[in-house]
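Okay, so here's the structure we're looking at.
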Amino acid sequence: MDVFSFDAYLFDIDGTLLNTRDAIHYFAFRNALKSIFGFDATIDGVPVHGNTDIGILRAVCRLQGITDDDFERYLPKIIGMMCHEVAARKDEVRADICPSIRELLAELRQREKLIGVVTGNFEAIGWTKLEATGLRSFFDFGSFSNRAEFRADIFRNGLAEVHRRLGPDARTIVFGDTPSDIKAAKQVGIPIVALATGIYPQEELTVLHPELSISCCAELFEDLGK
């Protein structure tokens, strides 16, 4: 598969583009839930990697006995509080860009490809992380969890934006680092490059049959002689 032959490229953020070394996102989540519902939130027993902000919040609230009706009622306020706290602490964000990601994005930009993010982060939080690492300028648009609880819907919304900009025949590929990314891509019908740059080893990603499984994006440049 010629990875550089596609028209549009969609990227997950955490574990795919970057790995954060701070707990700002986490404490924004905890502080919002404590302010609104009065409990000290933990993520014990809740899948996080490959999940979405809404999915994590709902799971934690259910464990605390919060009804879905109350959760939905307060969700806009939770989103606002979390995004405000992360934006206010943007100078404290510490993140490492995954290997060869900057080079890949620069190559795609040079080839005039359409580039977007598809992430479980809320919009303001996702953009803050990318701004903190200097990657924001590479991206034309984003699909976030503000309007979608499930990763497949986030991918589907990203694909719809590609089609809106380039037409329904545009060839699109997605990059992700979790089994959830691979499953969502298959559900939506988008080919996926699985990157072992998050917490999952390459072997665990490969068994799910992504179109391509690599240790990091440096491998993509080997055929280009770079």
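Each chain in the structure tokens gets a letter, A, B and so on, in the order shown; residues start at 1 in every chain, and ligands are counted from 1 in the order they appear.
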With segment 125-138 of chain A as the partner and 7 Å as the cut-off, tabulate the residues of segment 65-104 of chain A that qualify, each row holding the nearest pair of atoms and their distance in Å to one decimal, using only C-alpha atoms, sorted by chain and rising number, as a Markdown table.
```
| residue | atom | partner | partner_atom | distance |
| --- | --- | --- | --- | --- |
| A:Cys83 | CA | A:Ile125 | CA | 5.7 |
| A:Val86 | CA | A:Ile125 | CA | 6.2 |
| A:Ala87 | CA | A:Thr128 | CA | 6.5 |
| A:Lys90 | CA | A:Thr128 | CA | 6.4 |
| A:Val93 | CA | A:Ala132 | CA | 6.4 |
| A:Ala95 | CA | A:Thr133 | CA | 6.6 |
| A:Ile97 | CA | A:Thr133 | CA | 6.9 |
```
inquiry  = I'd like the contact shell of Thr42 of chain A - 8 Å cut-off, only C-alpha atoms, skipping same-chain residues fewer than 2 positions apart - returned as a list in words.
reply    =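 Contacts, with the query itself left out: Arg30, Asp40, Asp44 and Val60 of chain A.
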Selected residues written out, C-alpha atoms, as a short mmCIF file (atom, residue, chain, number, x, y, z; two decimals), in the first residue's frame:
```
data_model
loop_
_atom_site.label_atom_id
_atom_site.label_comp_id
_atom_site.auth_asym_id
_atom_site.auth_seq_id
_atom_site.Cartn_x
_atom_site.Cartn_y
_atom_site.Cartn_z
CA ARG A 30 -11.75 15.42 38.17
CA ASP A 40 -13.78 12.78 43.82
CA ASP A 44 -10.26 2.94 38.23
CA VAL A 60 -17.31 7.27 35.90
#
```
Sorted by chain and rising residue number, list the residues of segment 27-103 of chain A at most 9 Å from segment 176-195 of chain A (counting only C-alpha atoms), each with its closest atom pair and distance in Å to one decimal, as CSV.
```
residue,atom,partner,partner_atom,distance
A:His49,CA,A:Thr178,CA,7.0
A:Gly50,CA,A:Ser180,CA,5.2
A:Asn51,CA,A:Ser180,CA,7.4
```
Members of chain A assigned strand (DSSP E or B) by DSSP, as a PyMOL selection string = chain A and resi 8-11+14+18-20+95-97+114-118+141-143+172-176+192-195+212-214
request  = Write down as an NGL selection string the residues belonging to segment 7-185 of chain A that are assigned alpha helix (DSSP H) by DSSP computed on the backbone.
outcome  = :A and (24-37 or 53-63 or 68-88 or 101-110 or 123-132 or 151-166 or 179-185)
Only C-alpha atoms, please: the residues just picked out, written as a CSV table (one decimal), in the first residue's frame.
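Full text of result.csv as output:
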```
chain,number,residue,atom,x,y,z
A,24,ILE,CA,-3.8,18.7,33.2
A,25,HIS,CA,-6.5,16.9,31.2
A,26,TYR,CA,-7.1,14.4,34.0
A,27,PHE,CA,-7.4,17.0,36.7
A,28,ALA,CA,-9.8,19.1,34.6
A,29,PHE,CA,-11.9,16.0,34.4
A,30,ARG,CA,-11.8,15.4,38.2
A,31,ASN,CA,-12.3,19.1,39.1
A,32,ALA,CA,-15.4,19.4,36.8
A,33,LEU,CA,-17.1,16.3,38.3
A,34,LYS,CA,-16.3,17.3,41.8
A,35,SER,CA,-17.7,20.8,41.3
A,36,ILE,CA,-20.9,19.6,39.7
A,37,PHE,CA,-21.6,16.3,41.4
A,53,ASP,CA,-13.9,12.1,26.9
A,54,ILE,CA,-17.7,11.6,27.0
A,55,GLY,CA,-17.4,7.9,27.3
A,56,ILE,CA,-15.0,8.1,30.2
A,57,LEU,CA,-17.1,10.8,32.0
A,58,ARG,CA,-20.3,8.7,31.5
A,59,ALA,CA,-18.7,5.5,32.8
A,60,VAL,CA,-17.3,7.3,35.9
A,61,CYS,CA,-20.6,8.9,36.6
A,62,ARG,CA,-22.5,5.6,36.3
A,63,LEU,CA,-20.2,4.0,38.8
A,68,ASP,CA,-27.8,9.2,32.4
A,69,ASP,CA,-30.5,11.9,32.5
A,70,ASP,CA,-28.6,13.9,35.0
A,71,PHE,CA,-25.3,13.3,33.2
A,72,GLU,CA,-26.8,14.6,29.9
A,73,ARG,CA,-28.3,17.6,31.7
A,74,TYR,CA,-24.9,18.7,33.1
A,75,LEU,CA,-22.7,17.5,30.2
A,76,PRO,CA,-22.5,20.9,28.4
A,77,LYS,CA,-21.4,22.5,31.7
A,78,ILE,CA,-18.8,19.7,32.3
A,79,ILE,CA,-17.4,20.2,28.8
A,80,GLY,CA,-17.2,24.0,29.3
A,81,MET,CA,-15.4,23.6,32.7
A,82,MET,CA,-12.9,21.1,31.4
A,83,CYS,CA,-12.0,23.1,28.3
A,84,HIS,CA,-11.7,26.3,30.3
A,85,GLU,CA,-9.3,24.7,32.8
A,86,VAL,CA,-7.1,23.1,30.2
A,87,ALA,CA,-7.0,26.3,28.1
A,88,ALA,CA,-6.1,28.4,31.2
A,101,ILE,CA,5.2,12.6,13.2
A,102,ARG,CA,6.4,16.2,12.5
A,103,GLU,CA,8.3,14.9,9.4
A,104,LEU,CA,5.2,13.0,8.2
A,105,LEU,CA,2.9,16.0,8.6
A,106,ALA,CA,5.5,18.2,6.8
A,107,GLU,CA,5.6,15.7,3.9
A,108,LEU,CA,1.8,15.6,3.6
A,109,ARG,CA,1.6,19.4,3.8
A,110,GLN,CA,4.2,19.6,1.0
A,123,GLU,CA,-12.3,20.2,20.8
A,124,ALA,CA,-10.6,22.9,22.9
A,125,ILE,CA,-8.5,20.3,24.8
A,126,GLY,CA,-7.4,18.6,21.6
A,127,TRP,CA,-6.3,21.9,19.9
A,128,THR,CA,-4.5,23.0,23.1
A,129,LYS,CA,-2.4,19.9,23.1
A,130,LEU,CA,-1.5,20.4,19.4
A,131,GLU,CA,-0.7,24.0,20.0
A,132,ALA,CA,1.5,23.1,22.9
A,151,ARG,CA,-15.0,6.7,18.2
A,152,ALA,CA,-16.7,5.3,15.1
A,153,ASP,CA,-18.9,8.4,15.0
A,154,ILE,CA,-15.9,10.7,15.4
A,155,PHE,CA,-14.3,8.9,12.5
A,156,ARG,CA,-17.5,9.1,10.5
A,157,ASN,CA,-17.8,12.8,11.2
A,158,GLY,CA,-14.2,13.3,10.0
A,159,LEU,CA,-14.8,11.4,6.8
A,160,ALA,CA,-18.0,13.5,6.2
A,161,GLU,CA,-15.8,16.6,6.4
A,162,VAL,CA,-13.4,15.2,3.9
A,163,HIS,CA,-16.2,14.5,1.5
A,164,ARG,CA,-17.6,18.0,2.1
A,165,ARG,CA,-14.3,19.5,1.2
A,166,LEU,CA,-13.0,17.1,-1.5
A,179,PRO,CA,-7.5,-1.5,19.1
A,180,SER,CA,-10.4,0.9,19.4
A,181,ASP,CA,-9.0,3.0,16.5
A,182,ILE,CA,-8.7,-0.1,14.3
A,183,LYS,CA,-12.2,-1.3,15.1
A,184,ALA,CA,-13.7,2.1,14.5
A,185,ALA,CA,-11.9,2.4,11.2
```
ask   = Looking at only C-alpha atoms, which of A:Leu17, A:Thr197, A:Ala23, A:Thr52 is the one that sits closest to Ser145 of chain A?
value =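 Going through A:Leu17, A:Thr197, A:Ala23, A:Thr52 one by one, the smallest distance to Ser145 of chain A is for A:Thr52.
With distances restricted to only C-alpha atoms, A:Pro99 is the closest residue to Ala218 of chain A from A:Pro99, A:Asp140, A:Leu114, A:Ala196.
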